[in-house]
Amino acid sequence: MSRRTDSRATQTKRERLTRRDLLARAAGVVGAAATAPVAGQQSIDTTRRPGRGPNGLDQRSPFVTPRRDPSSTSSRTPLQDLRGTITPADLHFERHHGGVPEIDPGRYELLVHGMVDRPTVFTLADLQRFPATSRTCFLECSGNLRRGGPETLPQMVCGLTSQTEWTGVMLSALFAEVGADPNATWFLAEGQDAAVMTRSIPAEKAFDDAMVVYAQNGDALMPGNGYPARLLLPGWEGNASVKWLRRIELADQPFMTREETSKYTDPLGDGTVRQFSFVMDARSIITDPAYPRVIEPGWHEIRGLAWSGRGRITNVEVSVDGGNSWEQAALQGPVLPKAHVRFRHPWNWTGGPAEIMSRATDESGYVQPTWETLRAARGPNTRYHQNPITSWTITGSGRVLFGAERLQA
Amino acid sequence: MLAASVPVATAQPPSTRTQETFGLGRAATTAEIEALDIDVRPDGWGLPPGRGNAADGAPVWERTCQVCHGPEGKGGTAAPVVGRAPNGRPPTVGNFWPYATTLYDYINRAMPRNAPGTLTPDQVYGVVAWILVRNEIIPNDAEMNAETLPQVVMPARAQFVPDDRRGGREVR
């Protein structure tokens with residue numbers, strides 16, 4: 001609070017007037033050169049011409065053009081363009097291994113079989129008749145780190161995380177419905193895409209918080225996110241939340257599919273390979289200011305996201321001096337378990353070179369590590385579950401650049 | 001006042017195994033289950049009848065796989081499947097796959113990538129044998145079938161360990 005007042009106070013009245021003056025001039029330049037500038041004036045005077053009427057499906061303003069960044073295997077959420085915690089469905093990241101199937105909901109079926117009393121086929125309508133649950137949580141691909149150069153957007157650093165209010169049926173209810181054998185310790189989840197994606201999931205997760213979801217932010221799932229129904233394993237690596245779910249098979253051992261052996265496993269420094277590493281460790285990133293912004297001296301609010309697959313975020317610390325000192329950021333409530341939370345921290349940039357970074361702590365006591373700490377713990381060959389502290393450097397001229405050096409070697 | 005009397009649903013399920021049922025869904029037929037149940041486990045459960053050795057697999061590889069994976073199983077546009085370099089670098093079937101059964105399961109369900117699900121069991125066994133021979137894991141003439149494939153011991157098998165991260169202060 002006092003910080004906020006301080007940084008405001010450092011701006012003189014004259015500076016503020018100058019800036020307002022500039023803004024007004026900028027607004028006026030476009031269409032009203034002849035008349036005196038009026039605050040908020042548009043190139044076409046919107047107060048003199050009725051706008052469009054109500055329509056059937058709204059679109060973003062033509063001035064607002066957030067885009068996912070697609071590659072051949074994934075598309076990444078533009079974290080730098082978002083300000084809350086919910087990811088619009090059309091900006092949710094995608095990662096799939098055989099393309100997006102087009103599935104007719106009228107023909108969709110989910111088969112649940114294996115170690116059950118009653119092998120059962122559920123239609124989409126069946127799933128929607130079960131008691132429904134809504135849950136807001138993040139979904140993150142475990143391959144969510146790119147170590148780019150200085151000109152790297154938040155989207156490229158870790159845009160394979162998104163947050164949704166999902167709605168569906170608790171998997172435990174489906175297990176009760178089919179009479180799950182108490183000796184079943186694993187289940188296979190299989191998709192209806194061209195990869196026929198399969199993962200083995202410990203049955204405990206079904207009795208904890210796993211869901212089969214059919215709605216994304218209240219609407220039907222987007223095709224790229226599993227329409228018409230997908231598995232949702234809150235806090236766990238995204239790949240295991242199998243999309244276009246067509247089959248669940250209960251068993252007393254894991255199936256050792258390719259995606260839990262050759263992929264999504266973690267070679268460690270001691271020569272072992274960690275398997276079934278489902279939980280996403282705590283992480284945070286500053287999404288603003290970030291590349292490609294250029295900032296001016298004075299008041300800024302450092303903003304970002306923090307999340308943990310092990311529960312609630314309990315603390316986010318921010319450093320503005322490259323990690324020499326840390327201050328506690330404010331968390332925007334409600335702080336939900338296994339969910340993106342917004343953190344904010346006031347900052348008065350005085351104009352010199354600076355490096356800003358954030359560090360998350362979750363309710364298990366886990367503290368987001370530095371890249372060096374991660375490498376020391378895991379060796380050089382792990383590809384998944386990389387959650388290092390990342391930073392943005394501010395040059396003397398206010399350019400905000402990714403702290404690429406933090407992630408060297 | 002009102003708030004206290006309204007039940008609030010949370011995302012936490014009633015975590016009990018003796019929950020009520022709703023009579024939803026219909027009984028799955030054996031034929032339906034068999035049509036979808038294509039998975040293969042390390043103990044061999046799920047492997048279909050059929051057979052093939054590397055000689056049988058070679059023409060399959062040439063016709064349907066090498067365009068992406070290269071004539072020798074490496075050096076193509078897709079990831080290499082042949083190689084025994086130490087430390088699992090680069091990872092291949094030879095130095096990184098813990099179970100041979102996974103090869104059958106994965107190739108049968110997802111390969112060839114441009115036409116998945118089009119190989120016959122004999123063709124899958126053959127191409128699995130071809131990959132295992134190239135990786136010097138089975139003898140040249142070894143036949144792969146539902147009995148022999150689960151017995152193949154993969155070089156990387158012993159390396160795989162369960163996740164030992166538990167949260168808390170320690171970074172693992």
# chains A, B, ... in the order shown; residues from 1 in each chain; ligands from 1

$ residues_around --residues "stretch 135-150 of chain B" --least-positions-apart "4" --cutoff "7 Å" --atoms "only C-alpha atoms" --output "PyMOL selection string"
chain B and resi 42-44+47-54+82-84+94+100-101+125+129+131

$ write_last_selection --atoms "N, CA, C and O atoms" --output "CSV table (one decimal), in the first residue's frame"
chain,number,residue,atom,x,y,z
B,42,PRO,N,2.5,-55.5,-20.9
B,42,PRO,CA,3.9,-56.1,-20.8
B,42,PRO,C,3.8,-57.6,-20.6
B,42,PRO,O,4.6,-58.4,-21.0
B,43,ASP,N,2.7,-58.1,-19.9
B,43,ASP,CA,2.6,-59.5,-19.7
B,43,ASP,C,2.0,-60.2,-20.9
B,43,ASP,O,1.8,-61.4,-20.9
B,44,GLY,N,1.8,-59.5,-22.0
B,44,GLY,CA,1.4,-60.1,-23.2
B,44,GLY,C,-0.1,-60.1,-23.4
B,44,GLY,O,-0.6,-60.5,-24.5
B,47,LEU,N,-2.2,-59.4,-26.8
B,47,LEU,CA,-1.6,-59.7,-28.1
B,47,LEU,C,-2.4,-60.6,-28.9
B,47,LEU,O,-2.9,-61.7,-28.3
B,48,PRO,N,-2.7,-60.3,-30.1
B,48,PRO,CA,-3.5,-61.2,-31.0
B,48,PRO,C,-2.7,-62.4,-31.5
B,48,PRO,O,-1.5,-62.4,-31.5
B,49,PRO,N,-3.4,-63.4,-32.1
B,49,PRO,CA,-2.7,-64.4,-32.8
B,49,PRO,C,-2.0,-63.8,-34.0
B,49,PRO,O,-2.4,-62.8,-34.5
B,50,GLY,N,-0.9,-64.5,-34.5
B,50,GLY,CA,-0.2,-64.0,-35.6
B,50,GLY,C,1.3,-64.2,-35.4
B,50,GLY,O,1.7,-64.6,-34.3
B,51,ARG,N,2.1,-63.9,-36.4
B,51,ARG,CA,3.6,-64.1,-36.2
B,51,ARG,C,4.3,-63.3,-37.3
B,51,ARG,O,3.7,-62.9,-38.3
B,52,GLY,N,5.6,-63.0,-37.1
B,52,GLY,CA,6.4,-62.4,-38.1
B,52,GLY,C,7.8,-62.3,-37.6
B,52,GLY,O,8.1,-62.2,-36.4
B,53,ASN,N,8.8,-62.5,-38.5
B,53,ASN,CA,10.2,-62.2,-38.2
B,53,ASN,C,10.7,-61.0,-39.0
B,53,ASN,O,9.9,-60.4,-39.8
B,54,ALA,N,12.0,-60.7,-38.8
B,54,ALA,CA,12.5,-59.5,-39.4
B,54,ALA,C,12.4,-59.6,-41.0
B,54,ALA,O,12.2,-58.5,-41.6
B,82,VAL,N,15.9,-46.8,-34.2
B,82,VAL,CA,17.1,-47.7,-34.1
B,82,VAL,C,18.3,-47.0,-33.6
B,82,VAL,O,18.5,-45.8,-34.0
B,83,GLY,N,18.9,-47.5,-32.6
B,83,GLY,CA,20.1,-46.9,-32.0
B,83,GLY,C,20.4,-47.4,-30.6
B,83,GLY,O,19.5,-47.6,-29.9
B,84,ARG,N,21.7,-47.6,-30.3
B,84,ARG,CA,22.0,-48.1,-29.0
B,84,ARG,C,23.0,-47.2,-28.3
B,84,ARG,O,23.7,-47.6,-27.4
B,94,GLY,N,16.0,-49.0,-29.0
B,94,GLY,CA,17.1,-49.8,-28.5
B,94,GLY,C,17.7,-49.4,-27.2
B,94,GLY,O,18.1,-50.2,-26.4
B,100,ALA,N,9.0,-54.4,-24.9
B,100,ALA,CA,8.9,-54.7,-26.3
B,100,ALA,C,7.4,-54.8,-26.7
B,100,ALA,O,7.0,-54.5,-27.8
B,101,THR,N,6.5,-55.1,-25.7
B,101,THR,CA,5.1,-55.2,-26.0
B,101,THR,C,4.5,-53.8,-26.4
B,101,THR,O,3.6,-53.7,-27.2
B,125,TYR,N,3.7,-57.8,-36.2
B,125,TYR,CA,4.7,-58.7,-35.6
B,125,TYR,C,6.0,-58.6,-36.4
B,125,TYR,O,7.1,-58.5,-35.9
B,129,ALA,N,9.6,-57.2,-35.2
B,129,ALA,CA,10.8,-58.0,-35.2
B,129,ALA,C,11.9,-57.3,-35.9
B,129,ALA,O,13.1,-57.3,-35.5
B,131,ILE,N,12.5,-54.1,-36.2
B,131,ILE,CA,13.0,-53.0,-35.3
B,131,ILE,C,13.9,-53.6,-34.2
B,131,ILE,O,15.0,-53.1,-33.9

$ closest_atom_pairs --of "chain A" --to "chain B" --cutoff "8 Å" --atoms "only C-alpha atoms" --output "Markdown table"
| residue | atom | partner | partner_atom | distance |
| --- | --- | --- | --- | --- |
| A:Gly98 | CA | B:Arg113 | CA | 7.8 |
| A:Leu111 | CA | B:Ala28 | CA | 7.3 |
| A:His113 | CA | B:Ile33 | CA | 7.7 |
| A:Arg118 | CA | B:Ala27 | CA | 6.7 |
| A:Pro119 | CA | B:Ala28 | CA | 5.4 |
| A:Thr120 | CA | B:Ala27 | CA | 4.6 |
| A:Val121 | CA | B:Arg26 | CA | 5.3 |
| A:Phe122 | CA | B:Gly25 | CA | 4.5 |
| A:Thr123 | CA | B:Gly25 | CA | 6.8 |
| A:Asp126 | CA | B:Leu24 | CA | 5.9 |
| A:Arg129 | CA | B:Leu24 | CA | 7.9 |
| A:Phe130 | CA | B:Phe22 | CA | 7.5 |
| A:Thr133 | CA | B:Ala11 | CA | 6.2 |
| A:Ser134 | CA | B:Ala11 | CA | 6.5 |
| A:Arg135 | CA | B:Ala11 | CA | 5.5 |
| A:Met170 | CA | B:Pro13 | CA | 6.7 |
| A:Ser172 | CA | B:Pro13 | CA | 7.4 |
| A:Ala173 | CA | B:Gln19 | CA | 7.1 |
| A:Ala176 | CA | B:Gln19 | CA | 5.8 |
| A:Glu177 | CA | B:Thr21 | CA | 4.9 |
| A:Pro182 | CA | B:Arg17 | CA | 7.9 |
| A:Ala194 | CA | B:Ala110 | CA | 6.6 |
| A:Ala195 | CA | B:Ala110 | CA | 4.8 |
| A:Val196 | CA | B:Arg109 | CA | 6.1 |
| A:Phe207 | CA | B:Ser15 | CA | 5.6 |
| A:Asp208 | CA | B:Ser15 | CA | 6.5 |
| A:Asp209 | CA | B:Gln12 | CA | 6.1 |
| A:Arg247 | CA | B:Leu36 | CA | 7.8 |
| A:Pro254 | CA | B:Arg41 | CA | 7.8 |
| A:Phe255 | CA | B:Arg41 | CA | 4.9 |
| A:Met256 | CA | B:Thr102 | CA | 6.5 |
| A:Thr257 | CA | B:Thr102 | CA | 5.7 |
| A:Arg258 | CA | B:Thr102 | CA | 6.0 |
| A:Thr261 | CA | B:Trp97 | CA | 6.4 |
| A:Ser262 | CA | B:Trp97 | CA | 5.7 |
| A:Gly271 | CA | B:Gln159 | CA | 6.8 |
| A:Thr272 | CA | B:Gln159 | CA | 4.5 |
| A:Val273 | CA | B:Phe160 | CA | 4.7 |
| A:Arg274 | CA | B:Val161 | CA | 5.1 |
| A:Gln275 | CA | B:Pro162 | CA | 5.0 |
| A:Phe276 | CA | B:Asp163 | CA | 5.8 |
| A:Ser277 | CA | B:Asp163 | CA | 5.0 |
| A:Asp281 | CA | B:Gly167 | CA | 7.5 |
| A:Arg310 | CA | B:Gly167 | CA | 7.1 |
| A:Ser364 | CA | B:Gly168 | CA | 4.8 |
| A:Gly365 | CA | B:Gly168 | CA | 4.4 |
| A:Tyr366 | CA | B:Gly168 | CA | 4.3 |
| A:Val367 | CA | B:Arg169 | CA | 6.4 |
| A:Pro369 | CA | B:Val171 | CA | 7.2 |
| A:Thr373 | CA | B:Val171 | CA | 7.5 |
| A:Leu374 | CA | B:Val171 | CA | 7.0 |
| A:Ala377 | CA | B:Arg172 | CA | 5.4 |
| A:Arg378 | CA | B:Arg172 | CA | 6.7 |

$ select_by_dssp --residues "chain B" --states "strand (DSSP E)" --output "PyMOL selection string"
chain B and resi 26-27+160-162

$ residues_around --residues "stretch 185-193 of chain A" --least-positions-apart "3" --cutoff "9 Å" --atoms "only C-alpha atoms" --output "MDAnalysis selection string"
(chainID A and resid 96:103 114 182 196:204 206 226 230:231 240:255) or (chainID B and resid 39)

$ atom_distance --atom1 "atom CA of B:Thr64" --atom2 "atom CA of B:Pro90"
23.1 Å

$ residues_around --residues "A:Ala210" --least-positions-apart "3" --cutoff "7 Å" --atoms "only C-alpha atoms" --output "list in words"
Met170, Leu171, Lys205, Ala206, Leu232, Leu233 and Pro234 of chain A

$ atom_distance --atom1 "atom CA of A:Arg68" --atom2 "atom CA of A:Leu91"
5.9 Å

$ atom_distance --atom1 "atom CA of A:Asp104" --atom2 "atom CA of A:His92"
21.7 Å

$ closest_residue --among "A:Val64, A:Leu124, A:Leu79, A:Leu160" --to "A:Tyr227" --atoms "only C-alpha atoms"
A:Leu124
